[in-house]
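> Pasting in a structure now, in structure tokens, and then I'll have a few things to ask.
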Amino acid sequence: MDPRLDLDLLRTFVAAVDTLSFAKAAQAVHRSPAAVSMQIRKLEETLGHRLFERDTRNIRPTADAEILLGYARRLIRLHDEAVEAVRRPDIAGRVVVAAPDDYALSLLPGPLRRFGLLFPKVEVEVVCQQTTLLLPALDDGSIDLAFVSRTRGVTGDLIRVEPMVWVASPDAELTNRSPLPVALYEPHSPARVRAVQALERGGIVYRAAHSSPSLLGLLAMVEAGLAVAALARCSVPPGVAILDQRHGMPPIENLEVVLVRSAASHRPACDALADIIRDELAPRMA
């Protein structure tokens with residue numbers, strides 16, 4: 001068999017590694033799960049190596065998949081940058097991109113840096129608001145792109161699965177308190193819902209001691225030693241302690257970060273930024 005690698009197969013392979021699910025990879029590459037499975041099988045046949053261990057519910061990358069992954073990412077990025085470099089002189093305009101402040105601080109700088117280098121003629125406005133306010137803004141077209149936590153009724157391209165962790169001040173001894181003081185995001189936010197569900201599943205008596213719609217508000221409470229908080233792992237700053245089951249804290253369900261576009265966003269500048277966000281925010285295997 002011809003050993004040349006097909007970029008479409010590599011994109012599907014990377015999506016499968018990032019999501020650890022053929023079904024979720026199918027959403028990311030806009031194909032059916034059956035088509036994803038066929039593409040992975042074709043790539044395995046091309047290389048002559050098995051890339052995933054499979055059972056009825058899960059997939060797990062093999063050692064050969066881990067070797068291939070770094071090369072696959074570089075090949076895809078080089079291809080996309082070559083296309084972008086040729087298209088760059090023709091793309092101008094304005095894009096409004098939005099995210100909650102925890103994602104904006106931790107995830108957005110990389111995509112914006114690359115976008116600015118490749119498309120210097122495009123003006124970018126960044127809006128930082130909680131997910132519950134960004135969704136109506138997408139509907140009315142006042143923002144073009146947003147990456148938010150998936151919640152009921154939100155459709156979009158899955159770009160990463162983000163773990164949530166408990167954090168506290170290293171000097172605060174809070175986990176022995178009952179009720180446990182907890183700082184939470186605003187009502188109905190996906191992060192708050194997951195934190196409360198985890199506490200209830202763990203049978204932990206707690207009180208919502210503090211609340212804030214912003215990451216900085218929660219961190220102020222945490223660093224003051226007043227409460228524990230549940231944060232996306234990507235937004236945990238240096239200097240705070242991460243708590244887990246060894247500290248009596250229950251595991252929290254992961255967040256699914258999705259890229260959502262407004263009806264008015266189907267313009268070249270928006271397409272280019274969306275492609276870069278998807279590429280840059282895919283998690284890297286160690």
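Following the order of the structure tokens, chains are lettered A, B, ..., residues in each are numbered from 1, and ligands are numbered from 1.
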Using 10 Å as the limit and counting only C-alpha atoms, can you tabulate each residue of region 102-163 of chain A that touches region 177-189 of chain A, with its shortest atom-to-atom distance in Å and the two atoms involved, as a tab-separated table?

residue	atom	partner	partner_atom	distance
A:Gln130	CA	A:Ser189	CA	7.9
A:Thr131	CA	A:Ser189	CA	6.9
A:Thr132	CA	A:Ser189	CA	6.6
A:Ser149	CA	A:Ser189	CA	8.6
A:Arg150	CA	A:Ser189	CA	9.9
A:Thr151	CA	A:Ser189	CA	8.3
> Among region 40-201 of chain A, which ones does DSSP assign to strand (DSSP E) (computed from the backbone)? Answer as a ChimeraX atom specification.
/A:52-54,59-61,93-99,122-128,145-149,157-162,164-168,180-184
> Write out as a PyMOL selection string the set of residues from region 131-239 of chain A that DSSP, computed on the backbone, places in alpha helix (DSSP H).
chain A and resi 131-139+190-201+215-223
> Choose the residue, out of A:Pro190, A:Gly110, A:Pro213, A:Pro163, that has the smallest atom-to-atom separation from Cys128 (chain A); count only C-alpha atoms.
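Between A:Pro190, A:Gly110, A:Pro213, A:Pro163, the residue approaching Cys128 (chain A) most closely is A:Pro213.
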> Counting only C-alpha atoms, which residue out of A:Arg246, A:Asp55, A:Ala15, A:Glu256 sits closest to Arg152 (chain A)?
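Closest to Arg152 (chain A), using only C-alpha atoms: A:Glu256.
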> If we count only C-alpha atoms and set the cut-off at 12 Å, which residues sit around Val126 (chain A), ignoring sequence neighbours fewer than 5 positions away in its own chain? Please answer as a PyMOL selection string.
chain A and resi 94-101+103-105+108-109+112+134+142-147
> Take the residues that were just selected and, keeping N, CA, C and O atoms, output them as a compact mmCIF listing (two decimals), in the first residue's frame.

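Okay, out-v8.txt is ready:
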# COMPACT_ATOMS: atom_id res chain seq x y z
N ARG A 94 -13.15 42.85 10.28
CA ARG A 94 -13.23 42.91 11.73
C ARG A 94 -13.90 41.65 12.25
O ARG A 94 -14.86 41.14 11.66
N VAL A 95 -13.39 41.14 13.37
CA VAL A 95 -13.95 39.95 14.00
C VAL A 95 -14.14 40.25 15.48
O VAL A 95 -13.24 40.80 16.13
N VAL A 96 -15.30 39.87 16.02
CA VAL A 96 -15.54 39.98 17.46
C VAL A 96 -15.55 38.56 18.02
O VAL A 96 -16.40 37.74 17.66
N VAL A 97 -14.58 38.26 18.88
CA VAL A 97 -14.47 36.94 19.48
C VAL A 97 -14.68 37.07 20.98
O VAL A 97 -14.29 38.07 21.59
N ALA A 98 -15.33 36.10 21.58
CA ALA A 98 -15.71 36.21 22.99
C ALA A 98 -15.45 34.91 23.73
O ALA A 98 -15.43 33.83 23.13
N ALA A 99 -15.26 35.05 25.05
CA ALA A 99 -15.08 33.90 25.92
C ALA A 99 -15.26 34.35 27.35
O ALA A 99 -15.06 35.54 27.67
N PRO A 100 -15.64 33.45 28.26
CA PRO A 100 -15.56 33.78 29.69
C PRO A 100 -14.13 34.14 30.06
O PRO A 100 -13.18 33.70 29.40
N ASP A 101 -13.95 34.93 31.11
CA ASP A 101 -12.61 35.43 31.39
C ASP A 101 -11.62 34.32 31.74
O ASP A 101 -10.42 34.44 31.45
N TYR A 103 -11.41 31.32 30.35
CA TYR A 103 -10.92 30.80 29.08
C TYR A 103 -10.12 31.87 28.33
O TYR A 103 -9.11 31.56 27.67
N ALA A 104 -10.57 33.12 28.37
CA ALA A 104 -9.88 34.17 27.64
C ALA A 104 -8.44 34.32 28.13
O ALA A 104 -7.50 34.47 27.34
N LEU A 105 -8.24 34.27 29.45
CA LEU A 105 -6.91 34.45 30.01
C LEU A 105 -5.98 33.28 29.71
O LEU A 105 -4.80 33.47 29.45
N LEU A 108 -6.99 31.99 25.04
CA LEU A 108 -7.10 32.86 23.87
C LEU A 108 -5.78 33.46 23.38
O LEU A 108 -5.63 33.68 22.17
N PRO A 109 -4.79 33.74 24.23
CA PRO A 109 -3.58 34.41 23.72
C PRO A 109 -2.87 33.68 22.58
O PRO A 109 -2.43 34.33 21.62
N LEU A 112 -4.78 34.13 19.24
CA LEU A 112 -4.73 35.53 18.79
C LEU A 112 -3.34 35.92 18.29
O LEU A 112 -3.21 36.67 17.31
N LEU A 134 -23.04 35.35 26.83
CA LEU A 134 -22.50 35.26 25.48
C LEU A 134 -23.48 34.62 24.51
O LEU A 134 -23.51 34.98 23.33
N SER A 142 -24.13 40.30 17.72
CA SER A 142 -23.21 41.32 18.21
C SER A 142 -21.80 40.76 18.44
O SER A 142 -20.84 41.52 18.57
N ILE A 143 -21.67 39.44 18.53
CA ILE A 143 -20.35 38.80 18.49
C ILE A 143 -20.36 37.75 17.39
O ILE A 143 -21.41 37.23 17.02
N ASP A 144 -19.17 37.45 16.87
CA ASP A 144 -19.05 36.52 15.75
C ASP A 144 -18.75 35.10 16.23
O ASP A 144 -19.38 34.13 15.79
N LEU A 145 -17.76 34.97 17.10
CA LEU A 145 -17.29 33.67 17.57
C LEU A 145 -17.21 33.68 19.08
O LEU A 145 -16.85 34.70 19.68
N ALA A 146 -17.51 32.55 19.69
CA ALA A 146 -17.33 32.44 21.14
C ALA A 146 -16.91 31.01 21.46
O ALA A 146 -17.41 30.06 20.84
N PHE A 147 -15.98 30.86 22.39
CA PHE A 147 -15.76 29.51 22.90
C PHE A 147 -16.22 29.49 24.34
O PHE A 147 -15.82 30.29 25.17
